[in-house]
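To be precise, the following lines are my_file03.txt, and they hold compact mmCIF, C-alpha atoms.
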# COMPACT_ATOMS: atom_id res chain seq x y z
CA MET S 1 146.56 62.18 71.43
CA ALA S 2 144.02 63.60 73.87
CA ARG S 3 144.58 63.29 77.57
CA PRO S 4 142.13 61.14 79.56
CA GLY S 5 139.04 63.08 80.57
CA ARG S 6 139.56 65.66 77.86
CA GLN S 7 137.38 65.82 74.77
CA THR S 8 138.95 66.21 71.36
CA MET S 9 135.90 68.05 70.08
CA PRO S 10 134.40 70.89 72.12
CA LYS S 11 130.83 70.47 73.27
CA LEU S 12 128.20 72.69 71.80
CA THR S 13 126.80 75.42 73.97
CA PRO S 14 123.23 74.84 75.14
CA LYS S 15 122.03 77.48 72.66
CA GLN S 16 123.93 75.83 69.80
CA GLN S 17 122.47 72.45 70.77
CA ARG S 18 118.95 73.96 70.78
CA PHE S 19 119.67 75.34 67.31
CA VAL S 20 120.70 71.87 66.09
CA THR S 21 117.55 70.33 67.60
CA GLU S 22 115.32 73.00 66.06
CA TYR S 23 117.08 72.80 62.69
CA GLN S 24 116.33 69.06 62.54
CA LYS S 25 112.60 69.84 62.59
CA ASP S 26 112.34 71.73 59.30
CA SER S 27 115.85 72.60 58.02
CA ASN S 28 114.92 76.28 58.20
CA GLY S 29 117.99 77.99 59.66
CA ARG S 30 116.37 81.34 60.37
CA GLN S 31 113.36 79.84 62.15
CA ALA S 32 115.56 77.36 64.02
CA ALA S 33 117.72 80.24 65.27
CA ILE S 34 114.65 82.15 66.47
CA ARG S 35 113.24 79.06 68.23
CA ALA S 36 116.66 78.46 69.80
CA GLY S 37 116.59 81.93 71.34
CA TYR S 38 118.50 84.12 68.90
CA ALA S 39 117.09 87.57 68.14
CA PRO S 40 114.74 87.58 65.14
CA GLY S 41 116.57 90.53 63.59
CA SER S 42 119.86 88.65 63.46
CA ALA S 43 118.52 85.10 63.16
CA GLU S 44 119.42 84.69 59.49
CA VAL S 45 123.02 85.81 60.08
CA GLN S 46 123.29 83.63 63.19
CA ALA S 47 121.91 80.60 61.33
CA SER S 48 124.44 81.06 58.54
CA ARG S 49 127.26 81.42 61.06
CA LEU S 50 126.12 78.37 63.02
CA LEU S 51 125.79 76.20 59.92
CA ARG S 52 129.36 77.11 58.92
CA ASN S 53 130.62 76.09 62.38
CA ALA S 54 132.24 72.65 61.95
CA HIS S 55 130.97 71.32 65.28
CA VAL S 56 127.40 72.47 64.70
CA ARG S 57 127.46 71.16 61.12
CA SER S 58 128.76 67.80 62.38
CA GLU S 59 125.85 67.49 64.83
CA VAL S 60 123.35 68.52 62.15
CA ASN S 61 124.79 65.89 59.77
CA LYS S 62 124.64 63.21 62.47
CA GLY S 63 120.99 64.02 63.16
CA GLN S 64 120.11 63.94 59.47
CA ALA S 65 121.85 60.58 59.09
CA ARG S 66 119.90 59.18 62.07
CA ALA S 67 116.62 60.46 60.61
CA ALA S 68 117.41 58.94 57.21
CA LYS S 69 118.27 55.62 58.84
CA ARG S 70 115.00 55.59 60.82
CA ALA S 71 112.98 56.36 57.70
CA GLU S 72 114.74 53.64 55.73
CA MET S 73 114.23 51.06 58.44
CA THR S 74 110.59 52.00 58.81
CA LEU S 75 109.84 51.57 55.11
CA ASP S 76 111.83 48.33 54.88
CA GLY S 77 110.10 46.96 57.96
CA HIS S 78 106.69 47.98 56.66
CA LEU S 79 107.29 46.30 53.31
CA ALA S 80 108.57 43.14 55.03
CA ASP S 81 105.50 43.01 57.28
CA LEU S 82 103.19 43.37 54.30
CA ARG S 83 105.09 40.61 52.50
CA LYS S 84 104.59 38.31 55.52
CA LEU S 85 100.87 39.13 55.60
CA ARG S 86 100.58 38.43 51.87
CA ASP S 87 102.38 35.09 52.22
CA ALA S 88 100.29 34.03 55.23
CA ALA S 89 97.06 34.96 53.46
CA THR S 90 98.12 33.04 50.34
CA LYS S 91 98.89 29.91 52.41
CA LYS S 92 95.41 30.08 53.96
CA GLY S 93 93.77 30.55 50.57
CA GLN S 94 92.67 34.09 51.45
CA PHE S 95 93.50 35.55 48.08
CA SER S 96 91.59 38.82 48.56
CA ALA S 97 93.68 39.54 51.65
CA ALA S 98 96.86 38.55 49.79
CA ILE S 99 96.03 40.90 46.93
CA ALA S 100 95.21 43.71 49.36
CA ALA S 101 98.58 43.24 51.10
CA GLU S 102 100.39 43.26 47.77
CA VAL S 103 98.59 46.43 46.64
CA ALA S 104 99.51 48.05 49.97
CA ARG S 105 103.16 47.06 49.39
CA GLY S 106 103.04 48.62 45.94
CA LYS S 107 101.58 51.85 47.30
CA ALA S 108 104.11 52.05 50.13
CA SER S 109 107.05 51.52 47.79
CA GLY S 110 105.72 53.96 45.20
CA ILE S 111 105.23 51.35 42.48
CA HIS S 112 101.44 51.53 42.56
CA VAL S 113 100.12 55.07 42.26
CA GLU S 114 96.41 55.77 42.28
CA HIS S 115 95.12 58.19 39.68
CA HIS S 116 91.84 59.97 40.24
CA ARG S 117 89.71 61.62 37.59
CA HIS S 118 87.12 64.01 38.92
CA THR S 119 83.96 64.25 36.88
CA GLY S 120 80.57 65.74 37.42
CA ALA S 121 78.77 68.98 37.04
CA ILE S 122 80.49 72.23 37.76
CA GLY S 123 78.50 74.42 40.12
CA THR S 124 76.83 77.53 38.76
CA TYR S 125 76.46 80.88 40.45
CA ASP S 126 73.98 83.73 40.00
CA LEU S 127 76.06 86.66 38.78
CA SER S 128 73.11 88.96 38.13
CA LYS S 129 73.59 90.86 41.38
CA LEU S 130 77.25 91.71 40.69
CA SER S 131 78.20 95.20 39.57
CA ASP S 132 79.96 95.82 36.27
CA ASP S 133 83.24 96.41 38.14
CA GLU S 134 82.87 93.11 39.99
CA LEU S 135 82.10 91.30 36.74
CA ASP S 136 85.16 92.88 35.08
CA ARG S 137 87.38 91.73 37.96
CA LEU S 138 85.90 88.25 37.79
CA GLU S 139 86.53 88.10 34.05
CA THR S 140 90.12 89.23 34.61
CA ILE S 141 90.66 86.45 37.12
CA LEU S 142 88.78 83.67 35.32
CA GLY S 143 89.42 84.74 31.73
CA PRO S 144 92.61 82.69 31.32
CA LEU S 145 90.73 79.59 32.45
CA ALA S 146 88.05 80.11 29.81
CA ASP S 147 90.74 80.54 27.15
CA ALA S 148 92.15 77.11 28.05
CA GLY S 149 89.19 75.47 26.35
CA GLY S 150 87.84 72.10 27.29
CA ASP S 151 84.39 70.80 27.94
CA PRO S 152 83.21 71.99 31.37
CA SER S 153 80.23 69.61 31.30
CA GLY S 154 82.50 66.58 31.31
CA ALA S 155 80.48 65.06 28.44
CA GLY S 156 83.65 64.44 26.45
CA GLU S 157 85.02 62.22 29.23
CA ALA S 158 82.67 59.28 28.62
CA GLY S 159 84.39 56.19 27.37
CA ASP S 160 87.88 57.19 28.54
Target format structure tokens, applied to this file:
Amino acid sequence: MARPGRQTMPKLTPKQQRFVTEYQKDSNGRQAAIRAGYAPGSAEVQASRLLRNAHVRSEVNKGQARAAKRAEMTLDGHLADLRKLRDAATKKGQFSAAIAAEVARGKASGIHVEHHRHTGAIGTYDLSKLSDDELDRLETILGPLADAGGDPSGAGEAGD
């Protein structure tokens, strides 16, 4: 049992704590080490060493758990608020508003996904001023797209 005033787990050094804080931003160990003040040349090795350190790993895990909890609460709260708006609109006979709230709930929860189909003319470019070498390079780049087939005019899309 630990004596009063004594911690059972050692505190992180300020540099280790900065690493934990920076790692929470993007989970990129090397970049977090550099931002925390470690030398760029050894940042990858330092990040690996730090992430194997039980105390550092514990703090990283705690931070990730807090972030996950905040995200969960935010989505749940958002969905609940939209449900309340839908219900209030329905009670007032404002069905357009109720439908809009329900669609927003579906989008937020990932149930309703919008699909977009882009149609229209494809722009044309004057290639007459390009050299043969430039045209060959362009064909090399765009050739695979032409081989894919399809109707570039979009005329075959009508009625879909």
Near Pro14 of chain S, counting all atoms listed in the file, which residues have an atom at most 12 Å away, once you skip same-chain residues fewer than 6 positions from it, shown as a PDB file with C-alpha atoms, in the coordinates of the input?
ATOM      1  CA  VAL S  20     120.700  71.870  66.090  1.00  0.00           C
ATOM      2  CA  THR S  21     117.550  70.330  67.600  1.00  0.00           C
ATOM      3  CA  ALA S  36     116.660  78.460  69.800  1.00  0.00           C
ATOM      4  CA  GLY S  37     116.590  81.930  71.340  1.00  0.00           C
ATOM      5  CA  VAL S  56     127.400  72.470  64.700  1.00  0.00           C
TER       6      VAL S  56
END
Pick from S:Tyr23, S:Val103, S:Glu134, S:Leu85: nearest to Asn61 of chain S, with all atoms listed in the file counted?
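Using all atoms listed in the file, Asn61 of chain S sits closest to S:Tyr23.
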Env of Gln64 of chain S: 9 Å cut, atoms = all atoms listed in the file, seq-sep filter 5 positions within chain, self excluded. Answer as an MDAnalysis selection string.
chainID S and resid 24 59 69
Separation of atom CA of Met73 of chain S from atom CA of Ser58 of chain S, in Å and rounded to one decimal:
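According to the coordinates, atom CA of Met73 of chain S and atom CA of Ser58 of chain S are separated by 22.5 Å.
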Point-to-point distance in Å for atom CA of Arg66 of chain S and atom CA of Gln46 of chain S
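Rounded to one decimal, the two atoms are 24.7 Å apart.
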From the set S:Asp132, S:Arg117, S:Leu142, S:Gln16, which residue has the shortest atom-to-atom contact distance to Gly29 of chain S, counting all atoms listed in the file?
S:Gln16
Identify which of the residues S:Ile141, S:Ala104, S:Ile99, S:Leu51 lies closest to Leu82 of chain S, counting only C-alpha atoms when measuring atom-to-atom distances.
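The answer is S:Ala104, which sits nearest to Leu82 of chain S.
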What separates atom CA of Ala98 of chain S and atom CA of Ala71 of chain S is a distance of 25.3 Å
From the options S:Lys62, S:Leu135, S:Leu50, S:Asn28, which residue's atoms come nearest to Lys15 of chain S, counting all atoms listed in the file?
S:Leu50
For each of S:Ala121, S:Ala32, S:Ala80, S:Leu145, take the minimum atom-to-atom distance to Glu102 of chain S, counting all atoms listed in the file, then give the residue where this is smallest.
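The answer is S:Ala80, which sits nearest to Glu102 of chain S.
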So which one's closest to Ser48 of chain S, S:Phe19, S:Thr13, S:Ala65, S:Asp76? Using all atoms listed in the file, please.
S:Phe19
